[in-house]
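Enquirer: This is the structure, below, for whatever I ask next.
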Amino acid sequence: TLGPTLNVLVTVAVGLILFEGGLTLNVAGYRTAPQVIRNLLTIGVAVTWLGVSLAVWLIFDFDPAFALLAGSLVIVTGPTVIQPILKRVRLKWNLHNILHWEGVLIDPIGVFLAILAFELVVGGAGDEAFLRLGFRILVGLVIGLVGGEVLAWILRRRWVPEEMVNVFAVGAALLIFGLTEAAIAEGGLLSVTVAGLICGSRRPPALRNIVAFKSILTDLLIGFIFILLTARLQLQQFIDFGPRGFLLVGVVILVVRPLTILTSTIGRSYNWRELFFLFWVAPRGVVAASMASLFSLTLAEQGSFAQPDFLETFVYSVIFVTVLLQGFTAAPLARLLGLEERNPDGWFIVGAHPLAREVASFLKRVRKVPVVLLDGNRAAVQEARDAGLEVIYGDARETAGIEERPEMQGVGKLLAFTDNEDLNELLCKKWEPVFGANHVYRWAGGPSAKTDVHTTGAILWSWIPKPSMISSEILLGEAAVLEEEGTRREAGGNLAALLTAHEKEVLLDPGPKSRLKTGPEHARTLYLQREADYLLNALSPQWVLRSVPTEREALLRQLCRRLGETFPQLDPEQLLAAILERQGALPTTLGHGVALPHLRVESLEQPACLIAQVPEGMDFHEGEEPVRLVFLLISPEEQPELHLAVMGEIARLCAEEEVREALVQCEDPEALMSLIRRYRRQHTPFADVRG
């Protein structure tokens, strides 16, 4: 009934589907994908195309050019049918990646080759056909590149109202498609694919909403196309296809696909079970169906071939058989072959700062597990992507949307690694139902981080200051993350272990003696080396006072005067008044006989810390135990992170009783400095957390 309009509707629908595919295409992910995926998209494509074409030519004795056209139509393994299978089967992450990337990336390749074969059939062989094809590709690329750049440019400038962005994107895709088709027939599919790829790579602000809308639209279009195209099919076509046709389908599934996998995995360490699963699962989808129908309609109009409907019959037979057989048997087969990921050991790290990237690279490279980073900072996301890491831009609190993403396949553990301790705990609570209570970890600072048993998520690396602080040190060259072999070594000086690669250990922090005593000699360990030491930099022997008043205000006045002698720009009385006011509003005792009055001022360039030893003790705050050690910390107003870092180091230093007692009893200022240096760098109390 639709007549020629059917061709137009199907072509436009396929164009919109390919535009959405271009928007979501992760080129960086392809560059970091295993070599076998690249082989599948080059060697594998060639083997599939030539193998199927040869089978069509031998079994049906068609013209070689027509056989090449038929072979080109079943190159693609459609993402619209492989993704539902992968969602239902918790497949091992390496196999999941192969099937996922093959399905996503092979569509444009299959379209290009199908157009080439169609030119050979319609235009005949020779240089003229290739010139027409080259011109079509050139026009499609140019219009697609320009259209994608213009679309991204408009979206980045927010010229389109937010409520109209989705409609505008669809209209732009149709405009690009129409302009190309007006310039040269059959070039629109290429141009919209390229436009989607260019626009997606520029990451405009509205991209996330557009992709969400387009994915819904794509699902509707797929159903629309399949209903229209299958309505054209007649049962007689498949009867005429006969035994030779089903022999051809069998060759495609049982001969050509295994040959494709074998030639693409030569030299790769895949066992027979993994290879067998890859042999079996290669369903075809809507792109193959729509291209077959388009070419069949065009050839029928020309009347130059006796059996143009063979293309539809053949391709739909392959689709029906692969979707039905492989769709129903993929999950039982994966279970039978032991390829299900029952306990995924990959990591989902919230935070893409330099320290998180170092940890992710180690886990991915040494432990050979999938690692996905997430951050809301676009610059950090791009830096992680440039480092070859899998990264998501978004909000980790949206568990449903993130959990279903294909990158999360093989991920079974969470590390909340942001500066915000409350957010880290919240993320552990959000992801606990997904990964389990024993597989959510978080960073939290301070010596008391592990004492609250009512919190969620195991604490990791509580001995380091905020991750952003360490990341800044890494960028400034004041800290480094080192990877060394062997676990039986002293972590002396400012060196502390972060991770060790061992089959039975996921994460390991060293014990109080800073020595790793478990794991094989050949295990690789990730160390954090810190040259920056904020507390020691803020101390000076002349700021260590022992003969001091035992009354709080008198003691603080003496400390402020000592500061005024070193920093003339500071008024001791104003300083004292500000400290007492702060002390009245918020007591600064740390417990265990330690007080830490502190203040941030504008007229200072670096932190200064004074120490008062009170061996006989003094009442510093009502209701608290007597104080024997007072740290007075003054920091620049514009450096709150540095102020918190020094406070954190003081709290960690005074966490152990033997350290506090040694600091109180030491009578020589120089010896006290040496004592702090030794305890800071050799006896740091690390958190003992084992994964």
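As shown in the structure tokens, the chain order sets the letters A, B, ...; within each chain, residues go from 1, and ligands are also counted from 1 in the order they appear.
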Which neighbours of A:Val211 fall inside 9 Å, counting only C-alpha atoms, when residues of the same chain fewer than 5 positions from it are skipped, and could you give them as a list in words?

Expert: Glu20, Leu23, Thr24, Asn166, Ala206 and Ile216 of chain A

Enquirer: Generate the output file for the selected residues, N, CA and C atoms, as a JSON list (two decimals), in the first residue's frame.

Expert:
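Result saved to out_10.json:
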[["chain", "number", "residue", "atom", "x", "y", "z"],
["A", 20, "GLU", "N", 21.93, 7.75, 16.18],
["A", 20, "GLU", "CA", 22.02, 7.44, 17.62],
["A", 20, "GLU", "C", 23.22, 6.57, 17.92],
["A", 23, "LEU", "N", 26.24, 8.80, 18.04],
["A", 23, "LEU", "CA", 26.30, 9.60, 19.27],
["A", 23, "LEU", "C", 26.89, 8.83, 20.44],
["A", 24, "THR", "N", 26.58, 7.55, 20.53],
["A", 24, "THR", "CA", 26.99, 6.75, 21.68],
["A", 24, "THR", "C", 28.26, 5.96, 21.42],
["A", 166, "ASN", "N", 15.88, 17.90, 22.27],
["A", 166, "ASN", "CA", 15.69, 16.57, 21.67],
["A", 166, "ASN", "C", 15.08, 16.67, 20.28],
["A", 206, "ALA", "N", 24.06, 19.07, 26.40],
["A", 206, "ALA", "CA", 22.76, 18.39, 26.32],
["A", 206, "ALA", "C", 22.88, 16.96, 25.80],
["A", 216, "ILE", "N", 15.21, 5.83, 23.22],
["A", 216, "ILE", "CA", 13.78, 5.50, 23.23],
["A", 216, "ILE", "C", 13.23, 5.53, 21.81]]

Enquirer: Check the DSSP output for the backbone and give back, as number ranges by chain, the residues of stretch 295-416 of chain A in strand (DSSP E).

Expert: A: 346-350, 371-375, 390-393, 411-416

Enquirer: For A:Ala479, list every protein, DNA or RNA residue within 6 Å, evaluated using only C-alpha atoms, and leave out those in the same chain fewer than 4 positions away; present the list as a VMD selection string.

Expert: chain A and resid 473 to 474 529 to 531

Enquirer: Atom CA of A:Leu414 and atom CA of A:Phe435, how far apart in Å?

Expert: 7.4 Å

Enquirer: Contacts of A:Phe631 at 8 Å or less, counting only C-alpha atoms, minus same-chain residues fewer than 3 places along, as an MDAnalysis selection string?

Expert: chainID A and resid 594:597 609:612

Enquirer: For the selection you just gave me, I'd like the residues written to a file as a PDB file, in the first residue's frame, keeping all heavy atoms.

Expert:
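Once written, out-v3.pdb looks like this:
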ATOM      1  N   VAL A 594      45.191  15.696  74.545  1.00  0.00           N
ATOM      2  CA  VAL A 594      45.729  16.506  73.446  1.00  0.00           C
ATOM      3  C   VAL A 594      44.700  17.571  73.064  1.00  0.00           C
ATOM      4  O   VAL A 594      43.514  17.266  72.919  1.00  0.00           O
ATOM      5  CB  VAL A 594      46.063  15.644  72.215  1.00  0.00           C
ATOM      6  CG1 VAL A 594      46.633  16.517  71.091  1.00  0.00           C
ATOM      7  CG2 VAL A 594      47.049  14.549  72.581  1.00  0.00           C
ATOM      8  N   ALA A 595      45.166  18.810  72.911  1.00  0.00           N
ATOM      9  CA  ALA A 595      44.308  19.906  72.461  1.00  0.00           C
ATOM     10  C   ALA A 595      44.890  20.485  71.176  1.00  0.00           C
ATOM     11  O   ALA A 595      46.119  20.555  71.008  1.00  0.00           O
ATOM     12  CB  ALA A 595      44.195  20.983  73.525  1.00  0.00           C
ATOM     13  N   LEU A 596      44.001  20.933  70.291  1.00  0.00           N
ATOM     14  CA  LEU A 596      44.429  21.476  69.000  1.00  0.00           C
ATOM     15  C   LEU A 596      43.643  22.748  68.686  1.00  0.00           C
ATOM     16  O   LEU A 596      42.786  22.783  67.807  1.00  0.00           O
ATOM     17  CB  LEU A 596      44.238  20.425  67.894  1.00  0.00           C
ATOM     18  CG  LEU A 596      44.559  20.833  66.454  1.00  0.00           C
ATOM     19  CD1 LEU A 596      45.962  21.401  66.333  1.00  0.00           C
ATOM     20  CD2 LEU A 596      44.368  19.658  65.515  1.00  0.00           C
ATOM     21  N   PRO A 597      43.907  23.857  69.413  1.00  0.00           N
ATOM     22  CA  PRO A 597      43.295  25.127  69.014  1.00  0.00           C
ATOM     23  C   PRO A 597      43.874  25.557  67.665  1.00  0.00           C
ATOM     24  O   PRO A 597      45.077  25.414  67.413  1.00  0.00           O
ATOM     25  CB  PRO A 597      43.704  26.086  70.133  1.00  0.00           C
ATOM     26  CG  PRO A 597      44.928  25.478  70.739  1.00  0.00           C
ATOM     27  CD  PRO A 597      44.770  23.993  70.592  1.00  0.00           C
ATOM     28  N   CYS A 609      52.858  25.976  63.298  1.00  0.00           N
ATOM     29  CA  CYS A 609      52.345  25.147  64.393  1.00  0.00           C
ATOM     30  C   CYS A 609      53.285  25.253  65.591  1.00  0.00           C
ATOM     31  O   CYS A 609      54.496  25.033  65.463  1.00  0.00           O
ATOM     32  CB  CYS A 609      52.229  23.699  63.934  1.00  0.00           C
ATOM     33  SG  CYS A 609      51.520  22.601  65.190  1.00  0.00           S
ATOM     34  N   LEU A 610      52.738  25.594  66.750  1.00  0.00           N
ATOM     35  CA  LEU A 610      53.493  25.665  68.001  1.00  0.00           C
ATOM     36  C   LEU A 610      53.065  24.520  68.908  1.00  0.00           C
ATOM     37  O   LEU A 610      51.890  24.112  68.896  1.00  0.00           O
ATOM     38  CB  LEU A 610      53.253  26.999  68.716  1.00  0.00           C
ATOM     39  CG  LEU A 610      53.900  28.246  68.099  1.00  0.00           C
ATOM     40  CD1 LEU A 610      53.152  28.700  66.867  1.00  0.00           C
ATOM     41  CD2 LEU A 610      53.979  29.378  69.126  1.00  0.00           C
ATOM     42  N   ILE A 611      54.010  24.009  69.699  1.00  0.00           N
ATOM     43  CA  ILE A 611      53.730  22.893  70.597  1.00  0.00           C
ATOM     44  C   ILE A 611      54.054  23.318  72.023  1.00  0.00           C
ATOM     45  O   ILE A 611      55.133  23.864  72.290  1.00  0.00           O
ATOM     46  CB  ILE A 611      54.570  21.655  70.232  1.00  0.00           C
ATOM     47  CG1 ILE A 611      54.277  21.207  68.797  1.00  0.00           C
ATOM     48  CG2 ILE A 611      54.303  20.509  71.206  1.00  0.00           C
ATOM     49  CD1 ILE A 611      55.113  20.027  68.349  1.00  0.00           C
ATOM     50  N   ALA A 612      53.115  23.061  72.926  1.00  0.00           N
ATOM     51  CA  ALA A 612      53.335  23.302  74.356  1.00  0.00           C
ATOM     52  C   ALA A 612      53.215  21.984  75.095  1.00  0.00           C
ATOM     53  O   ALA A 612      52.203  21.294  74.984  1.00  0.00           O
ATOM     54  CB  ALA A 612      52.325  24.320  74.883  1.00  0.00           C
TER      55      ALA A 612
END

Enquirer: Taking into account only C-alpha atoms, which residue in the set A:Gly187, A:Gly15, A:Gly388, A:Pro332 is nearest to A:Leu133?

Expert: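 Once distances to A:Leu133 are computed over only C-alpha atoms, the minimum belongs to A:Gly187.
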